[in-house]
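Peer 1: This is query18.txt (compact mmCIF, C-alpha atoms).
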```txt
# COMPACT_ATOMS: atom_id res chain seq x y z
CA MET Z 1 0.00 0.00 0.00
CA ALA Z 2 2.64 2.44 -0.97
CA ASP Z 3 0.68 4.46 -3.48
CA LYS Z 4 -2.14 6.69 -2.46
CA VAL Z 5 -5.13 8.09 -4.28
CA GLU Z 6 -5.91 11.76 -4.05
CA PHE Z 7 -9.54 11.73 -2.93
CA GLU Z 8 -11.61 14.87 -3.46
CA LEU Z 9 -15.20 15.36 -2.44
CA VAL Z 10 -16.70 18.52 -3.89
CA SER Z 11 -20.16 19.99 -3.43
CA PRO Z 12 -21.37 23.00 -5.40
CA GLU Z 13 -20.92 25.17 -2.35
CA LYS Z 14 -17.43 24.13 -1.37
CA LEU Z 15 -14.57 21.68 -1.50
CA LEU Z 16 -15.48 19.30 1.30
CA LYS Z 17 -12.55 16.93 1.43
CA SER Z 18 -9.23 16.68 -0.27
CA LEU Z 19 -6.83 14.14 1.13
CA PRO Z 20 -4.63 11.25 0.06
CA VAL Z 21 -6.15 7.89 0.96
CA ASP Z 22 -5.41 4.23 0.32
CA MET Z 23 -8.76 3.35 -1.17
CA VAL Z 24 -12.24 4.78 -1.63
CA VAL Z 25 -15.38 2.83 -2.37
CA VAL Z 26 -17.85 4.86 -4.39
CA PRO Z 27 -21.49 3.85 -4.91
CA GLY Z 28 -21.65 3.97 -8.71
CA ALA Z 29 -24.97 3.95 -10.53
CA GLU Z 30 -24.16 0.48 -11.81
CA GLY Z 31 -22.65 -0.90 -8.65
CA ASP Z 32 -20.09 0.08 -6.05
CA PHE Z 33 -16.53 0.38 -7.17
CA GLY Z 34 -13.33 0.67 -5.21
CA VAL Z 35 -10.61 3.01 -6.37
CA LEU Z 36 -6.97 2.21 -5.69
CA ALA Z 37 -3.93 4.00 -7.04
CA GLY Z 38 -3.46 3.26 -10.72
CA HIS Z 39 -7.14 2.81 -11.47
CA ALA Z 40 -8.12 3.10 -15.12
CA PRO Z 41 -9.49 6.55 -16.00
CA MET Z 42 -13.24 6.53 -15.68
CA ILE Z 43 -16.25 8.79 -15.40
CA ALA Z 44 -19.30 7.42 -13.66
CA THR Z 45 -22.56 8.59 -12.20
CA VAL Z 46 -23.06 8.12 -8.49
CA ARG Z 47 -26.27 6.92 -6.91
CA PRO Z 48 -27.37 7.99 -3.43
CA GLY Z 49 -25.26 6.00 -1.02
CA VAL Z 50 -22.22 5.93 1.18
CA ILE Z 51 -18.64 6.66 0.18
CA GLU Z 52 -16.20 4.69 2.29
CA VAL Z 53 -12.69 5.95 2.77
CA TYR Z 54 -10.07 3.34 3.59
CA GLU Z 55 -6.80 3.88 5.37
CA GLY Z 56 -4.95 0.55 5.14
CA ASP Z 57 -7.74 -2.00 5.35
CA ARG Z 58 -9.76 -0.03 7.84
CA VAL Z 59 -12.65 2.31 7.08
CA VAL Z 60 -11.78 5.72 8.50
CA ASP Z 61 -14.59 7.80 7.09
CA ARG Z 62 -18.08 7.30 5.77
CA VAL Z 63 -19.84 10.06 3.90
CA PHE Z 64 -23.35 9.95 2.57
CA VAL Z 65 -23.84 11.49 -0.88
CA ALA Z 66 -27.15 12.14 -2.59
CA GLY Z 67 -25.93 11.28 -6.03
CA GLY Z 68 -23.54 13.04 -8.36
CA PHE Z 69 -20.59 12.17 -10.55
CA ALA Z 70 -17.21 10.58 -10.06
CA GLU Z 71 -14.11 11.13 -12.11
CA VAL Z 72 -11.29 8.68 -11.63
CA THR Z 73 -7.76 8.88 -12.97
CA GLY Z 74 -4.69 6.90 -12.01
CA THR Z 75 -3.79 9.26 -9.21
CA ARG Z 76 -7.03 10.98 -8.36
CA CYS Z 77 -10.64 10.27 -7.49
CA THR Z 78 -12.95 13.26 -7.64
CA VAL Z 79 -16.55 12.99 -6.54
CA LEU Z 80 -18.90 15.82 -7.48
CA ALA Z 81 -21.70 15.38 -4.96
CA GLU Z 82 -25.05 17.08 -4.99
CA GLU Z 83 -25.35 16.84 -1.27
CA ALA Z 84 -22.92 15.31 1.18
CA GLN Z 85 -23.23 14.57 4.85
CA ALA Z 86 -21.03 12.66 7.27
CA LEU Z 87 -22.85 9.47 8.15
CA SER Z 88 -22.48 10.13 11.85
CA ALA Z 89 -24.25 13.47 11.40
CA ILE Z 90 -27.44 11.97 10.01
CA ASP Z 91 -30.35 11.94 12.40
CA ARG Z 92 -32.35 8.75 12.01
CA ALA Z 93 -35.58 10.20 13.38
CA ALA Z 94 -35.41 13.16 10.99
CA VAL Z 95 -34.88 10.86 8.02
CA GLU Z 96 -37.76 8.64 9.03
CA LYS Z 97 -39.98 11.66 9.36
CA ALA Z 98 -38.86 12.91 5.94
CA ILE Z 99 -39.74 9.56 4.41
CA LYS Z 100 -43.16 9.66 5.97
CA ASP Z 101 -43.79 13.22 4.76
CA LEU Z 102 -42.56 12.44 1.29
CA SER Z 103 -44.73 9.34 1.05
CA GLU Z 104 -47.71 11.52 1.80
CA ASP Z 105 -46.58 14.07 -0.76
CA LEU Z 106 -46.29 11.30 -3.30
CA SER Z 107 -49.94 10.38 -3.02
CA ASP Z 108 -50.86 14.07 -3.25
CA ALA Z 109 -48.64 14.79 -6.26
CA ALA Z 110 -50.81 15.71 -9.21
CA SER Z 111 -48.61 15.81 -12.29
CA ASP Z 112 -46.06 13.24 -13.38
CA ALA Z 113 -43.28 15.79 -13.06
CA ASP Z 114 -44.17 16.44 -9.41
CA LYS Z 115 -44.37 12.76 -8.77
CA ALA Z 116 -40.94 12.14 -10.27
CA ALA Z 117 -39.43 14.93 -8.16
CA VAL Z 118 -40.90 13.53 -4.96
CA GLU Z 119 -39.86 10.01 -5.88
CA ALA Z 120 -36.29 11.17 -6.37
CA LYS Z 121 -36.28 12.80 -2.93
CA LEU Z 122 -37.80 9.71 -1.43
CA ALA Z 123 -35.11 7.55 -2.96
CA VAL Z 124 -32.43 9.75 -1.39
CA ALA Z 125 -34.07 9.59 2.03
CA GLN Z 126 -34.50 5.83 1.73
CA ALA Z 127 -30.86 5.45 0.79
CA LYS Z 128 -29.93 7.46 3.88
CA LEU Z 129 -31.92 5.12 6.04
CA ASP Z 130 -30.36 2.08 4.39
CA ALA Z 131 -26.94 3.58 4.94
CA LEU Z 132 -27.69 3.93 8.63
CA ALA Z 133 -28.88 0.35 8.82
CA THR Z 134 -25.63 -1.14 7.48
CA PRO Z 135 -23.34 -2.54 10.16
CA GLY Z 136 -20.46 -0.33 11.18
CA ALA Z 137 -22.48 2.79 10.46
CA ALA Z 138 -22.42 3.81 14.09
CA HIS Z 139 -18.74 4.46 13.65
CA MET G 1 -29.26 86.19 4.29
CA PRO G 2 -29.86 82.54 5.20
CA ASN G 3 -31.33 81.81 8.54
CA LEU G 4 -28.87 80.49 11.13
CA LYS G 5 -31.27 77.95 12.55
CA ASP G 6 -32.09 76.53 9.11
CA LEU G 7 -28.41 76.12 8.38
CA LYS G 8 -27.85 74.32 11.64
CA ASN G 9 -30.71 71.92 10.89
CA ARG G 10 -29.33 71.32 7.44
CA ILE G 11 -25.91 70.46 8.82
CA SER G 12 -27.27 68.01 11.34
CA SER G 13 -29.42 66.30 8.72
CA VAL G 14 -26.46 65.85 6.40
CA GLN G 15 -24.47 64.53 9.33
CA SER G 16 -27.01 61.83 10.04
CA THR G 17 -27.13 60.93 6.36
CA ARG G 18 -23.39 60.52 6.46
CA LYS G 19 -23.69 58.22 9.43
CA ILE G 20 -26.17 56.04 7.56
CA THR G 21 -24.15 55.86 4.36
CA SER G 22 -20.94 55.04 6.18
CA ALA G 23 -22.70 52.28 8.12
CA MET G 24 -24.10 50.90 4.87
CA LYS G 25 -20.66 51.01 3.38
CA MET G 26 -19.25 48.92 6.18
CA VAL G 27 -22.09 46.43 6.02
CA ALA G 28 -21.57 46.11 2.27
CA ALA G 29 -17.85 45.60 2.78
CA SER G 30 -18.37 42.70 5.13
CA LYS G 31 -21.06 41.18 2.92
CA LEU G 32 -18.75 41.58 -0.03
CA ARG G 33 -16.07 39.59 1.69
CA ARG G 34 -18.51 36.82 2.47
CA ALA G 35 -19.83 36.79 -1.10
CA GLN G 36 -16.32 36.63 -2.47
CA GLU G 37 -15.45 33.72 -0.22
CA GLN G 38 -18.55 31.91 -1.35
CA ALA G 39 -17.75 32.54 -4.99
CA GLN G 40 -14.29 31.19 -4.43
CA ALA G 41 -15.62 28.10 -2.66
CA SER G 42 -17.75 27.20 -5.64
CA GLY G 43 -14.73 27.35 -7.92
CA PRO G 44 -13.45 23.78 -7.49
CA TYR G 45 -16.79 22.18 -8.35
CA ALA G 46 -17.31 24.27 -11.45
CA GLU G 47 -13.76 23.69 -12.59
CA ARG G 48 -13.96 19.90 -12.23
CA MET G 49 -17.38 19.84 -13.80
CA GLY G 50 -15.98 21.76 -16.75
CA ARG G 51 -13.13 19.31 -17.09
CA MET G 52 -15.48 16.33 -17.03
CA LEU G 53 -17.78 17.94 -19.55
CA ALA G 54 -14.95 18.72 -21.89
CA SER G 55 -13.72 15.12 -21.94
CA LEU G 56 -17.26 13.80 -22.30
CA ALA G 57 -18.14 16.21 -25.04
CA ALA G 58 -15.01 15.29 -26.95
CA ASN G 59 -16.21 11.68 -26.94
CA VAL G 60 -19.79 12.38 -27.86
CA GLN G 61 -19.15 14.94 -30.55
CA GLY G 62 -17.74 12.23 -32.78
CA SER G 63 -21.02 10.36 -32.79
CA GLY G 64 -22.88 13.53 -33.77
CA ASN G 65 -26.02 13.12 -31.71
CA GLY G 66 -25.47 14.76 -28.35
CA PRO G 67 -28.33 15.75 -26.06
CA LYS G 68 -30.43 18.75 -26.99
CA LEU G 69 -29.01 20.86 -24.17
CA MET G 70 -25.72 20.81 -25.99
CA THR G 71 -26.65 20.69 -29.64
CA GLY G 72 -29.70 22.93 -29.44
CA THR G 73 -33.15 22.38 -30.86
CA GLY G 74 -32.07 23.08 -34.40
CA SER G 75 -33.73 26.48 -34.60
CA ASP G 76 -33.14 29.75 -32.81
CA SER G 77 -36.39 31.62 -33.17
CA VAL G 78 -37.32 31.88 -29.49
CA HIS G 79 -34.85 33.35 -27.02
CA LEU G 80 -35.11 33.20 -23.27
CA VAL G 81 -33.14 35.91 -21.50
CA VAL G 82 -32.41 35.50 -17.80
CA ILE G 83 -31.62 38.83 -16.17
CA VAL G 84 -29.91 38.86 -12.80
CA SER G 85 -30.28 42.03 -10.76
CA SER G 86 -30.56 42.91 -7.10
CA ASP G 87 -33.58 43.26 -4.85
CA ARG G 88 -32.48 46.51 -3.33
CA GLY G 89 -31.26 49.79 -4.65
CA LEU G 90 -28.58 52.20 -3.44
CA CYS G 91 -25.88 50.36 -5.28
CA GLY G 92 -24.83 52.85 -7.91
CA ALA G 93 -25.07 51.85 -11.54
CA PHE G 94 -25.35 48.14 -10.74
CA ASN G 95 -28.97 47.65 -11.78
CA GLY G 96 -28.92 50.44 -14.34
CA SER G 97 -26.19 48.85 -16.39
CA ILE G 98 -27.82 45.42 -16.26
CA VAL G 99 -31.13 46.83 -17.41
CA ARG G 100 -29.48 48.85 -20.16
CA GLU G 101 -27.68 45.79 -21.50
CA ALA G 102 -30.86 43.74 -21.25
CA LYS G 103 -32.79 46.33 -23.23
CA ARG G 104 -30.11 46.40 -25.87
CA GLN G 105 -30.16 42.62 -26.20
CA ILE G 106 -33.94 42.49 -26.35
CA THR G 107 -34.13 45.18 -28.99
CA ARG G 108 -31.40 43.51 -31.03
CA LEU G 109 -33.11 40.11 -30.89
CA GLN G 110 -36.46 41.58 -31.73
CA GLY G 111 -34.87 43.48 -34.58
CA GLU G 112 -33.71 40.15 -35.96
CA GLY G 113 -37.27 38.93 -35.87
CA LYS G 114 -36.82 36.59 -32.88
CA THR G 115 -39.32 36.04 -30.13
CA VAL G 116 -37.96 37.06 -26.75
CA LYS G 117 -39.02 35.82 -23.34
CA LEU G 118 -37.73 37.22 -20.09
CA LEU G 119 -36.99 35.65 -16.76
CA THR G 120 -35.87 38.05 -14.08
CA VAL G 121 -34.06 37.39 -10.84
CA GLY G 122 -34.27 40.25 -8.38
CA ARG G 123 -36.88 42.92 -7.94
CA LYS G 124 -35.05 45.77 -9.65
CA ALA G 125 -34.81 44.30 -13.13
CA ARG G 126 -38.45 43.31 -13.03
CA ASP G 127 -39.60 46.74 -11.94
CA GLN G 128 -37.50 48.58 -14.46
CA LEU G 129 -38.35 46.38 -17.43
CA ARG G 130 -42.00 45.87 -16.65
CA ARG G 131 -43.25 48.99 -18.32
CA GLU G 132 -41.54 48.41 -21.62
CA PHE G 133 -41.38 44.63 -21.86
CA GLY G 134 -43.97 43.48 -19.36
CA ALA G 135 -45.66 41.31 -21.94
CA LEU G 136 -42.48 39.29 -22.49
CA MET G 137 -41.96 38.32 -18.88
CA VAL G 138 -42.43 34.70 -18.04
CA HIS G 139 -41.55 34.75 -14.40
CA GLY G 140 -39.75 36.90 -11.86
CA TYR G 141 -37.90 35.70 -8.82
CA GLU G 142 -37.52 37.88 -5.77
CA ASP G 143 -35.59 37.58 -2.57
CA VAL G 144 -33.28 34.98 -4.06
CA GLY G 145 -30.62 34.22 -1.51
CA ARG G 146 -31.62 37.06 0.72
CA ARG G 147 -29.77 35.77 3.73
CA ARG G 148 -27.21 33.62 2.06
CA LEU G 149 -27.26 32.40 -1.48
CA SER G 150 -27.47 28.63 -1.55
CA PHE G 151 -27.16 26.17 -4.37
CA ALA G 152 -30.83 25.32 -3.92
CA ASP G 153 -31.73 28.89 -4.97
CA ALA G 154 -29.83 28.52 -8.21
CA ASP G 155 -31.31 25.08 -8.71
CA MET G 156 -34.80 26.52 -8.43
CA VAL G 157 -34.09 28.96 -11.26
CA SER G 158 -32.41 26.39 -13.47
CA GLN G 159 -35.20 23.87 -12.92
CA LYS G 160 -37.65 26.44 -14.22
CA VAL G 161 -35.45 27.00 -17.26
CA LEU G 162 -35.17 23.26 -17.85
CA THR G 163 -38.90 22.68 -17.57
CA MET G 164 -39.48 25.40 -20.12
CA PHE G 165 -36.84 23.97 -22.39
CA ASP G 166 -38.28 20.47 -22.18
CA ALA G 167 -41.69 21.87 -23.00
CA GLY G 168 -40.15 23.46 -26.09
CA GLU G 169 -40.92 26.99 -25.01
CA PHE G 170 -37.61 28.41 -26.20
CA ASP G 171 -34.58 27.46 -28.28
CA VAL G 172 -31.74 29.57 -26.94
CA CYS G 173 -31.14 30.73 -23.40
CA THR G 174 -28.77 33.48 -22.36
CA ILE G 175 -28.10 34.94 -18.95
CA ILE G 176 -27.15 38.55 -18.27
CA PHE G 177 -25.37 39.29 -15.02
CA ASN G 178 -22.74 41.51 -13.46
CA LYS G 179 -19.41 39.78 -13.29
CA PHE G 180 -17.31 40.78 -10.33
CA LYS G 181 -14.00 42.29 -11.29
CA SER G 182 -13.23 44.43 -8.29
CA ALA G 183 -15.17 46.43 -5.73
CA ILE G 184 -15.22 49.39 -8.06
CA SER G 185 -15.71 47.63 -11.34
CA GLN G 186 -18.33 45.15 -12.45
CA ILE G 187 -18.59 43.86 -15.96
CA VAL G 188 -21.96 43.20 -17.50
CA THR G 189 -21.65 39.74 -18.98
CA VAL G 190 -23.89 37.99 -21.46
CA GLN G 191 -23.44 34.24 -21.35
CA GLN G 192 -25.17 31.61 -23.40
CA LEU G 193 -26.56 28.75 -21.31
CA ILE G 194 -28.46 26.69 -23.86
CA PRO G 195 -27.20 25.26 -26.13
CA PHE G 196 -24.20 24.87 -23.93
CA ALA G 197 -20.84 25.81 -25.39
CA VAL G 198 -18.20 23.30 -24.35
CA PRO G 199 -15.34 25.00 -22.52
CA GLU G 200 -11.93 24.95 -24.14
CA THR G 201 -9.57 22.52 -22.49
CA ASP G 202 -6.18 23.97 -23.36
CA ALA G 203 -5.71 24.89 -19.71
CA ALA G 204 -5.81 21.25 -18.61
CA PRO G 205 -2.49 19.44 -18.15
CA ALA G 206 -1.42 17.34 -21.10
CA ASP G 207 -1.65 13.93 -19.45
CA GLU G 208 -5.29 14.44 -18.59
CA VAL G 209 -6.27 15.34 -22.10
CA LYS G 210 -4.70 12.15 -23.31
CA ALA G 211 -6.40 10.02 -20.69
CA VAL G 212 -9.06 7.91 -22.36
CA TYR G 213 -11.91 7.54 -19.97
CA GLU G 214 -14.15 4.61 -19.44
CA PHE G 215 -17.75 5.54 -18.96
CA GLU G 216 -20.22 3.92 -16.68
CA PRO G 217 -23.02 4.03 -17.84
CA ASP G 218 -22.32 5.22 -21.42
CA GLU G 219 -21.34 8.75 -22.45
CA GLU G 220 -24.77 9.86 -23.58
CA GLN G 221 -26.42 8.92 -20.33
CA ILE G 222 -23.82 10.61 -18.20
CA LEU G 223 -23.96 13.66 -20.39
CA ALA G 224 -27.73 13.74 -20.13
CA GLU G 225 -27.39 13.91 -16.36
CA LEU G 226 -24.38 16.15 -16.30
CA LEU G 227 -25.77 18.89 -18.53
CA PRO G 228 -28.76 19.88 -16.36
CA ARG G 229 -26.38 19.83 -13.42
CA ASN G 230 -24.01 22.05 -15.29
CA LEU G 231 -26.82 24.46 -16.04
CA SER G 232 -27.51 24.80 -12.33
CA ILE G 233 -23.83 25.39 -11.72
CA GLN G 234 -23.65 28.09 -14.37
CA VAL G 235 -26.68 29.81 -12.88
CA TYR G 236 -25.22 29.45 -9.40
CA ARG G 237 -21.96 31.00 -10.54
CA ALA G 238 -23.82 33.86 -12.18
CA LEU G 239 -25.84 34.51 -9.04
CA LEU G 240 -22.72 34.45 -6.90
CA GLU G 241 -20.90 36.83 -9.20
CA SER G 242 -23.91 39.09 -9.20
CA ALA G 243 -24.17 39.01 -5.40
CA ALA G 244 -20.52 39.93 -5.00
CA SER G 245 -20.86 42.66 -7.62
CA GLU G 246 -23.89 44.10 -5.91
CA GLN G 247 -22.10 44.43 -2.60
CA GLY G 248 -19.05 45.85 -4.34
CA ALA G 249 -21.15 48.39 -6.20
CA ARG G 250 -22.98 49.32 -3.04
CA MET G 251 -19.76 49.73 -1.13
CA THR G 252 -18.38 52.09 -3.75
CA ALA G 253 -21.63 54.02 -4.02
CA MET G 254 -21.85 54.43 -0.28
CA ASP G 255 -18.22 55.41 -0.04
CA ASN G 256 -18.84 58.18 -2.55
CA ALA G 257 -21.98 59.24 -0.72
CA THR G 258 -20.12 59.40 2.57
CA ARG G 259 -17.38 61.49 1.06
CA ASN G 260 -19.88 63.77 -0.62
CA ALA G 261 -21.74 64.24 2.65
CA GLY G 262 -18.45 65.21 4.28
CA ASP G 263 -17.81 67.84 1.61
CA MET G 264 -21.28 69.17 2.02
CA ILE G 265 -20.90 69.46 5.76
CA ASN G 266 -17.67 71.41 5.29
CA LYS G 267 -19.29 73.82 2.87
CA LEU G 268 -22.34 74.28 5.04
CA THR G 269 -20.20 74.86 8.12
CA ILE G 270 -18.30 77.61 6.32
CA THR G 271 -21.55 79.26 5.26
CA TYR G 272 -22.84 78.91 8.78
CA ASN G 273 -19.77 80.58 10.29
CA ARG G 274 -19.79 83.40 7.75
CA THR G 275 -23.46 84.05 8.39
CA ARG G 276 -22.92 84.05 12.12
CA GLN G 277 -20.07 86.55 11.77
CA ALA G 278 -22.17 88.71 9.49
CA TYR G 279 -24.92 88.79 12.09
CA ILE G 280 -22.47 89.80 14.80
CA THR G 281 -21.00 92.54 12.63
CA LYS G 282 -24.43 93.78 11.78
CA GLU G 283 -25.41 93.97 15.44
CA LEU G 284 -22.20 95.77 16.35
CA ILE G 285 -22.77 98.33 13.61
CA GLU G 286 -26.26 98.89 14.91
CA ILE G 287 -25.04 99.46 18.46
CA ILE G 288 -22.21 101.76 17.41
CA SER G 289 -24.30 103.83 15.09
CA GLY G 290 -26.95 104.01 17.79
CA ALA G 291 -24.37 105.31 20.28
CA GLU G 292 -22.99 107.84 17.76
CA ALA G 293 -26.45 109.23 17.18
CA LEU G 294 -26.74 110.28 20.80
```
What do you get writing this file as structure tokens?
Peer 2:
Amino acid sequence: MADKVEFELVSPEKLLKSLPVDMVVVPGAEGDFGVLAGHAPMIATVRPGVIEVYEGDRVVDRVFVAGGFAEVTGTRCTVLAEEAQALSAIDRAAVEKAIKDLSEDLSDAASDADKAAVEAKLAVAQAKLDALATPGAAH
Amino acid sequence: MPNLKDLKNRISSVQSTRKITSAMKMVAASKLRRAQEQAQASGPYAERMGRMLASLAANVQGSGNGPKLMTGTGSDSVHLVVIVSSDRGLCGAFNGSIVREAKRQITRLQGEGKTVKLLTVGRKARDQLRREFGALMVHGYEDVGRRRLSFADADMVSQKVLTMFDAGEFDVCTIIFNKFKSAISQIVTVQQLIPFAVPETDAAPADEVKAVYEFEPDEEQILAELLPRNLSIQVYRALLESAASEQGARMTAMDNATRNAGDMINKLTITYNRTRQAYITKELIEIISGAEAL
């Protein structure tokens, strides 16, 4: 584990993280992928889920992202996130409430466009809840 | 001869005006710093997004059928103009220059026989354009980012633009905003949002241009998601620039007003002193000539 990957997490409002790490696991739209140094260059979409940052073979950081894009080169892994939140900062009760509210909104939504927007939000909230449910999340 | 009491009132009123303008100047200065920091913080995202887009676009352009947001609808008969101004006044020529440029653009487009639609952000542009072009206005946003401009505010505007675009309500979208150059100079910028012009990549390091990316899922799908995102980013950047410019313009305007008030106070004080002396002299003359008459 000599080589490191420069991991960058960027939201539209600021540069959230920029640090060299051993490995990151990114929830890609077509499945999670781990990035080590020397990864083939790739651009992928990111689904709502948890980014895991590895130091050695230990997870040192978990960040929830609500979708976005990832750009990977041999030395760098850049994630453009729409919304990012440290997993430990997520409040389970608030998420559960959001899901309940959104489910109600969904049945009220009149047009297809409204429905799609609410469904997207619901998916993000659901992913948050799933992320909390995974073991090791209490970290 | 002016009345002494009136002069005194005048001086004190100008003094309180000066207090207000200098306070506003300081408030604007601190808001300007915050706005500048925010604009800087959004830099990395925009820059990386641009880089991604450039490499994606290079791949897609070969196949010839990119998404509509990039290639356009094929015609350019309906133009949507987004005008970014401020909600409040007292910021010098900030809103005036935006409105002037907007009017010029509208007249030019109309002269070419195009249909123009307007979307305004900020109360001032709406108010100043309503009389002349009220019929063209689609929607006006107010109080955008009143406390602190967030990405969600920009997203709201760009979603509206996207919905209109998807409904085929316009072909070309441009945004007019004040670009921040320095506290004393803002540049009115006209930027085309749709169809999106791919940024030039000559600034990127050579090894990254050469890197052949894998795409997951394929280029078109990523591009289809990336472009609306990019639109939001462009709008966000424009709003940030405009917010910083507004505070800069206000700071300069208030600085000038404060200085002007100071000059006025000096002049009024001189007049006041002269008048007072003239009164004293007049009274002395009256006493002396009264005594001589005896």
Peer 1: Specify as a ChimeraX atom specification all residues of chain G found within 10 Å of chain Z, counting all atoms listed in the file.
Peer 2: /G:37-46,48-49,51-52,55-56,149-152,163,208,211-219,221-223,225-226,229,232-233,236-237
Peer 1: Tell me, in Å to one decimal, how far CA of Glu132 (chain G) is from CA of Asn178 (chain G).
Peer 2: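 Between CA of Glu132 (chain G) and CA of Asn178 (chain G) the gap is 21.6 Å.
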Peer 1: Give me, as a tab-separated table, the closest atom pair and its distance (Å, one decimal) for every residue of region 26-119 of chain G within a cut-off of 10 Å of region 145-148 of chain G, counting all atoms listed in the file, rows sorted by chain and rising number.
Peer 2:
```
residue	atom	partner	partner_atom	distance
G:Lys31	CA	G:Arg148	CA	9.8
G:Arg34	CA	G:Arg148	CA	9.3
G:Ala35	CA	G:Arg148	CA	8.6
G:Gln38	CA	G:Arg148	CA	9.5
G:Ser86	CA	G:Arg146	CA	9.8
G:Asp87	CA	G:Arg146	CA	8.6
```
Peer 1: May I have the residues within 8 Å of Met23 (chain Z) as number ranges by chain, using all atoms listed in the file and disregarding those fewer than 2 positions away in the same chain?
Peer 2: Z: 4-5, 21, 25, 34-37, 53-56
Peer 1: What does the distance between CA of Arg250 (chain G) and CA of Thr174 (chain G) come to in Å, to one decimal place?
Peer 2: 25.6 Å
Peer 1: By how many Å are CA of Thr271 (chain G) and CA of Leu7 (chain G) apart?
Peer 2: 8.2 Å
Peer 1: Between Z:Gln85, Z:Ser18, Z:Gln126, Z:Ser111, which is the closest to Ile99 (chain Z) once you count only C-alpha atoms?
Peer 2: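 Nearest to Ile99 (chain Z): Z:Gln126.
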Peer 1: Do you know which residues are at most 7 Å from Val26 (chain Z) counting all atoms listed in the file, after dropping those on the same chain fewer than 4 positions away, and could you put them as a list in words?
Peer 2: Asp32, Phe33, Gly34, Ile51 and Glu52 of chain Z
Peer 1: Which residue, G:Ala293, G:Lys8, G:Ser77, G:Tyr272, has the smallest gap to Gly168 (chain G) when you use only C-alpha atoms?
Peer 2: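 Looking only at the distances to Gly168 (chain G), the closest residue turns out to be G:Ser77.
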Peer 1: Could the centre and edge lengths of an axis-aligned box, enclosing all atoms of region 3-8 of chain G in the file with 4 Å extra on each side, be given in Å to one decimal as lines of an AutoDock Vina configuration file?
Peer 2:
```
center_x = -30.0
center_y = 78.1
center_z = 10.5
size_x = 12.2
size_y = 15.5
size_z = 12.2
```
Peer 1: Just checking: using all atoms listed in the file, which residue out of Z:Asp114, Z:Asp108, Z:Asp61, Z:Asp130 ends up closest to Val95 (chain Z)?
Peer 2: Z:Asp130
Peer 1: Take the point (-19.6, 46.3, 4.7) in the file's coordinates, draw a sphere of radius 12 Å around it, and report as a ChimeraX atom specification every protein, DNA or RNA residue with an atom inside or on it, counting all atoms listed in the file.
Peer 2: /G:21-35,183,244,246-255
